[in-house]
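Below is one structure; the comments refer to it alone.
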Protein chains: 2
Amino acid sequence: MTARRLAGGDLAARIRAEVAERATARRDAGRPARLVIVTATDDEASAWYVRSIASAAGKVGLDCDVDDLGTAATAAGLSARLAALSADPAVDGVMLQTPLPPGVALADVSGAIDPAKDVDGANPLSLGRLATGLPAYAPATAAAVVALLDEYDVGLAGARAVVVGRSAVVGKPLAHLLLDRDATVTVCHSRTRDLAAVTSSADVLVAAVGRTHLVTPEHVRAGVVVVDVGTNPTPDGGLAGDVDPAVAEVAAALTPVPGGVGPVTTALLLKNVVD
Amino acid sequence: MTARRLAGGDLAARIRAEVAERATARRDAGRPARLVIVTATDDEASAWYVRSIASAAGKVGLDCDVDDLGTAATAAGLSARLAALSADPAVDGVMLQTPLPPGVALADVSGAIDPAKDVDGANPLSLGRLATGLPAYAPATAAAVVALLDEYDVGLAGARAVVVGRSAVVGKPLAHLLLDRDATVTVCHSRTRDLAAVTSSADVLVAAVGRTHLVTPEHVRAGVVVVDVGTNPTPDGGLAGDVDPAVAEVAAALTPVPGGVGPVTTALLLKNVVD
């Protein structure tokens with residue numbers, strides 16, 4: 001058998017169309033919606049991602065500025081800029097792109113982003129609000145996983161969901177989103193003993209570690225729905241997921257990389273700007 | 001076999017002795033440490049718990065005030081009081097006791113507690129900071145579970161930890177604390193299918209749902225370490241845990257109720273006040 005391919009393109013296009021309509025209404029009302037992406041890196045993959053967001057924003061009629069503080073930016077400098085953008089009434093969404101300069105942790109500076117403008121859910125307060133059931137923006141990637149599962153009517157209530165990866169930007173917020181949808185949630189990571197035994201218990205398996213083809217056919221049981229969050233650069237300039245494509249021979253469904261979670265993530269990020 | 005009894009009394013006494021020493025130093029320096037507990041309930045079990053904290057605080061030399069806003073308190077009134085106490089330099093710790101009046105959710109008002117004084121980790125920001133690895137107070141109950149496991153040298157790195165209960169005051173913060181200790185963490189709840197199958201996979205099982213004797217011998221495998229967070233009132237005025245005492249015939253170790261997590265929770269709460 002071959003797994004059903006859970007592509008994200010159609011869902012992303014629908015979300016972008018909705019965003020474009022609202023962005024046009026905002027523009028017609030003389031108050032265009034604006035996203036500012038703060039960067040402090042010369043990482044090429046990061047630059048590519050930022051350009052892709054800026055391009056997608058432009059296509060739906062959102063203003064998007066990239067505010068590059070350079071690789072010498074300090075935590076204090078980043079915090080000050082994020083706070084200033086948060087206070088600027090002409091800015092609707094503020095996003096801080098990683099990686100950050102050495103010695104600067106995302107959580108140390110993301111607290112300066114107003115939760116109301118924290119369109120990528122980077123502020124620890126946004127995560128805390130999410131976990132306690134208060135309105136909050138989830139990191140767009142985590143939200144995209146759930147949106148994609150919904151798109152394909154994958155039932156979450158009572159399901160066993162296993163998340164591989166415990167980052168504060170994907171694994172942990174995703175665990176809260178899945179719990180909120182009544183899944184029984186397990187979070188695995190590099191220290192997990194017998195990873196295959198844990199992942200094999202999953203009805204829904206999400207790989208979000210950033211290691212090419214970490215999840216192999218030996219990690220899954222027949223019938224599982226697998227979501228691949230990985231976007232690992234390949235030597236030929238492409239993208240590889242965290243899931244070995246051979247998993248498609250065992251799983252019931254699998255999101256492709258590229259073309260799965262990625263386009264939905266970008267679309268949801270833009271949606272958060274007009275929300 | 002009968003499970004080892006993981007009592008919390010000795011650990012709690014050691015923590016209280018340390019707190020007493022620091023509280024005395026503070027008092028000698030003319031600046032006594034003060035905890036204020038805000039209440040808005042006439043629930044008798046809650047009142048009993050608040051009295052027990054106040055009594056324990058007195059014994060270690062901490063000032064402890066109970067600030068009762070009554071059952072007619074509103075969210076706005078509670079928030080204002082919590083903010084005022086947070087701003088008061090004579091107050092070191094602020095705790096909001098549940099239950100709250102109908103229509104008032106803990107997460108709606110606990111954001112008014114300054115994270116630096118949030119000794120019971122109720123502010124969503126405290127949870128978010130905990131989840132992102134920033135310094136923060138964890139809810140004392142969640143911290144007590146980990147402290148008790150450490151007291152008895154229960155290894156957590158790589159262990160499979162299963163938490164039954166997904167509350168924002170115990171289950172969720174505990175999941176983050178256990179993840180931070182490199183456990184593989186599963187969170188179960190009322191919607192979990194085949195709870196016994198999930199709990200049977202645990203090396204460490206924590207019951208935190210508030211349902212008397214929910215966890216039975218059928219839920220555990222031989223050799224598991226079981227932590228019982230439940231404090232359910234019994235008809236005769238005592239306390240019953242979430243774990244059926246018959247589990248002791250199967251498990252390797254079990255915390256008693258009362259006398260397990262409870263005293264450690266109170267001691268850690270007081271420790272947070274002097275921290």
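Following the order of the structure tokens, first chain is A, next is B, and so on, with residues numbered from 1 inside each chain and ligands from 1 in the order they appear.
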Margin query: If DSSP is run on the backbone, what residues of region 36-269 of chain B are helix (DSSP H, G or I)? A reply as number ranges by chain would be ideal.
Written below: B: 44-59, 75-87, 106-112, 115-117, 124-131, 140-151, 171-180, 195-199, 217-219, 245-249, 261-269
Note to self: What are the residues of chain A lining chain B at 6 Å or less? Count only C-alpha atoms, and put the answer as a list in words.
What the structure shows: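 The selection requested is Pro124, Leu125, Leu127, Gly128, Arg129, Thr132, Gly158, Ala168, Thr184, Val185, Thr186, Val187, Cys188, Arg191, Thr192 and Arg193 of chain A.
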Next item on the list: Give me, please, the distance in Å between CA of Gly8 (chain A) and CA of Val257 (chain A), quoted to one decimal.
Entry: 9.8 Å
Next item on the list: Give me the residues within 9 Å of Asp244 (chain A) as a list in words, counting only C-alpha atoms and dropping any in the same chain fewer than 4 places off.
Entry: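 The residues that qualify are Thr212, His213, Leu214, Val215, Thr216, Pro217, Ala240 and Ala248 of chain A.
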Prev. selection, N, CA and C atoms, output as a compact mmCIF listing (two decimals), in the first residue's frame:
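Dumped everything to again_7.txt:
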```txt
# COMPACT_ATOMS: atom_id res chain seq x y z
N THR A 212 16.99 14.82 9.16
CA THR A 212 16.54 14.20 7.92
C THR A 212 16.25 12.71 8.09
N HIS A 213 15.03 12.34 7.76
CA HIS A 213 14.61 10.93 7.69
C HIS A 213 14.85 10.16 8.98
N LEU A 214 14.67 10.86 10.10
CA LEU A 214 14.81 10.21 11.41
C LEU A 214 13.75 9.12 11.60
N VAL A 215 12.54 9.39 11.13
CA VAL A 215 11.44 8.44 11.30
C VAL A 215 11.42 7.49 10.10
N THR A 216 11.64 6.22 10.39
CA THR A 216 11.72 5.20 9.33
C THR A 216 10.52 4.25 9.44
N PRO A 217 10.37 3.36 8.48
CA PRO A 217 9.25 2.40 8.56
C PRO A 217 9.24 1.62 9.88
N ALA A 240 14.32 18.22 2.67
CA ALA A 240 13.96 16.86 3.07
C ALA A 240 13.26 16.91 4.41
N ALA A 248 5.81 5.82 3.75
CA ALA A 248 4.55 5.80 2.98
C ALA A 248 4.10 4.38 2.65
```
From a DSSP pass on the backbone, collect the residues of region 20-132 of chain B flagged as strand (DSSP E or B) and hand them back as a compact mmCIF listing (two decimals) with all heavy atoms, in the first residue's frame.
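That gives us selection_9.txt:
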```txt
# COMPACT_ATOMS: atom_id res chain seq x y z
N ARG B 34 6.71 37.81 53.71
CA ARG B 34 5.26 37.77 53.85
C ARG B 34 4.59 37.12 52.65
O ARG B 34 4.87 37.46 51.50
CB ARG B 34 4.72 39.19 54.02
CG ARG B 34 3.18 39.31 54.04
CD ARG B 34 2.74 40.76 54.22
NE ARG B 34 3.27 41.32 55.44
CZ ARG B 34 2.62 41.29 56.61
NH1 ARG B 34 1.43 40.75 56.70
NH2 ARG B 34 3.17 41.82 57.67
N LEU B 35 3.69 36.19 52.95
CA LEU B 35 2.85 35.55 51.94
C LEU B 35 1.42 36.04 52.13
O LEU B 35 0.94 36.12 53.27
CB LEU B 35 2.89 34.02 52.11
CG LEU B 35 1.84 33.20 51.35
CD1 LEU B 35 2.06 33.27 49.83
CD2 LEU B 35 1.87 31.73 51.81
N VAL B 36 0.76 36.41 51.04
CA VAL B 36 -0.66 36.74 51.12
C VAL B 36 -1.45 35.75 50.27
O VAL B 36 -1.14 35.55 49.09
CB VAL B 36 -0.95 38.18 50.66
CG1 VAL B 36 -2.45 38.47 50.73
CG2 VAL B 36 -0.17 39.18 51.49
N ILE B 37 -2.44 35.12 50.89
CA ILE B 37 -3.31 34.18 50.18
C ILE B 37 -4.65 34.86 49.94
O ILE B 37 -5.33 35.25 50.90
CB ILE B 37 -3.52 32.89 50.98
CG1 ILE B 37 -2.18 32.26 51.38
CG2 ILE B 37 -4.37 31.89 50.18
CD1 ILE B 37 -2.31 31.05 52.31
N VAL B 38 -5.00 35.03 48.69
CA VAL B 38 -6.27 35.65 48.33
C VAL B 38 -7.31 34.54 48.14
O VAL B 38 -7.07 33.58 47.40
CB VAL B 38 -6.14 36.49 47.05
CG1 VAL B 38 -7.49 37.02 46.59
CG2 VAL B 38 -5.15 37.63 47.26
N THR B 39 -8.44 34.69 48.82
CA THR B 39 -9.51 33.69 48.69
C THR B 39 -10.81 34.39 48.30
O THR B 39 -10.99 35.58 48.53
CB THR B 39 -9.74 32.93 50.01
OG1 THR B 39 -10.21 33.86 50.99
CG2 THR B 39 -8.47 32.27 50.51
N ASP B 63 5.39 35.61 57.77
CA ASP B 63 4.09 36.26 57.93
C ASP B 63 3.17 35.74 56.85
O ASP B 63 3.57 35.58 55.69
CB ASP B 63 4.24 37.77 57.79
CG ASP B 63 4.97 38.37 58.98
OD1 ASP B 63 5.14 37.67 59.99
OD2 ASP B 63 5.40 39.54 58.87
N CYS B 64 1.94 35.47 57.21
CA CYS B 64 0.98 34.99 56.22
C CYS B 64 -0.38 35.62 56.49
O CYS B 64 -0.95 35.45 57.56
CB CYS B 64 0.87 33.47 56.27
SG CYS B 64 -0.32 32.80 55.09
N ASP B 65 -0.87 36.38 55.53
CA ASP B 65 -2.20 36.99 55.63
C ASP B 65 -3.15 36.29 54.68
O ASP B 65 -2.78 35.95 53.56
CB ASP B 65 -2.15 38.46 55.22
CG ASP B 65 -1.27 39.28 56.14
OD1 ASP B 65 -1.12 38.89 57.32
OD2 ASP B 65 -0.73 40.30 55.67
N VAL B 66 -4.39 36.11 55.14
CA VAL B 66 -5.43 35.61 54.25
C VAL B 66 -6.34 36.79 53.92
O VAL B 66 -6.88 37.44 54.81
CB VAL B 66 -6.23 34.46 54.90
CG1 VAL B 66 -7.34 34.01 53.95
CG2 VAL B 66 -5.30 33.30 55.24
N ASP B 67 -6.45 37.04 52.63
CA ASP B 67 -7.18 38.21 52.15
C ASP B 67 -8.45 37.69 51.47
O ASP B 67 -8.42 37.31 50.30
CB ASP B 67 -6.27 38.96 51.17
CG ASP B 67 -6.76 40.35 50.85
OD1 ASP B 67 -7.87 40.70 51.29
OD2 ASP B 67 -6.03 41.08 50.14
N ASP B 68 -9.54 37.65 52.23
CA ASP B 68 -10.77 37.03 51.71
C ASP B 68 -11.67 38.07 51.04
O ASP B 68 -12.17 38.97 51.71
CB ASP B 68 -11.52 36.35 52.85
CG ASP B 68 -12.76 35.64 52.33
OD1 ASP B 68 -12.86 35.40 51.11
OD2 ASP B 68 -13.65 35.33 53.16
N GLY B 93 5.16 37.03 48.44
CA GLY B 93 4.50 36.00 47.66
C GLY B 93 3.00 36.21 47.64
O GLY B 93 2.42 36.61 48.65
N VAL B 94 2.39 35.95 46.47
CA VAL B 94 0.94 36.11 46.33
C VAL B 94 0.38 34.80 45.79
O VAL B 94 0.86 34.28 44.78
CB VAL B 94 0.58 37.26 45.36
CG1 VAL B 94 -0.93 37.38 45.20
CG2 VAL B 94 1.19 38.57 45.83
N MET B 95 -0.62 34.29 46.47
CA MET B 95 -1.24 33.04 46.05
C MET B 95 -2.74 33.23 45.97
O MET B 95 -3.34 33.84 46.84
CB MET B 95 -0.89 31.96 47.08
CG MET B 95 -1.49 30.61 46.76
SD MET B 95 -1.09 29.43 48.08
CE MET B 95 -2.45 28.29 47.83
N LEU B 96 -3.32 32.73 44.90
CA LEU B 96 -4.77 32.82 44.73
C LEU B 96 -5.35 31.43 44.93
O LEU B 96 -5.04 30.50 44.18
CB LEU B 96 -5.11 33.34 43.33
CG LEU B 96 -6.59 33.39 42.96
CD1 LEU B 96 -7.37 34.26 43.93
CD2 LEU B 96 -6.77 33.89 41.53
```
Notebook entry, point to check: Leaving out Thr71 (chain A) and any residue of its chain fewer than 2 positions from it, which residues lie within 8 Å of it when counting only C-alpha atoms, given as a ChimeraX atom specification?
Noted result: /A:40-42,69,73,100-101
Take the residues just selected and output them with C-alpha atoms as a compact mmCIF listing (two decimals), in the first residue's frame.
```txt
# COMPACT_ATOMS: atom_id res chain seq x y z
CA ALA A 40 19.60 39.04 13.08
CA THR A 41 21.29 36.35 11.04
CA ASP A 42 23.05 35.78 7.75
CA LEU A 69 19.48 44.11 12.96
CA ALA A 73 22.56 42.38 17.50
CA LEU A 100 19.55 34.49 16.63
CA PRO A 101 23.13 35.64 17.30
```
Check: In Å, how far is it from CA of Ser110 (chain B) to CA of Ala267 (chain B)?
Finding: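 That distance, rounded to one decimal, is 21.6 Å.
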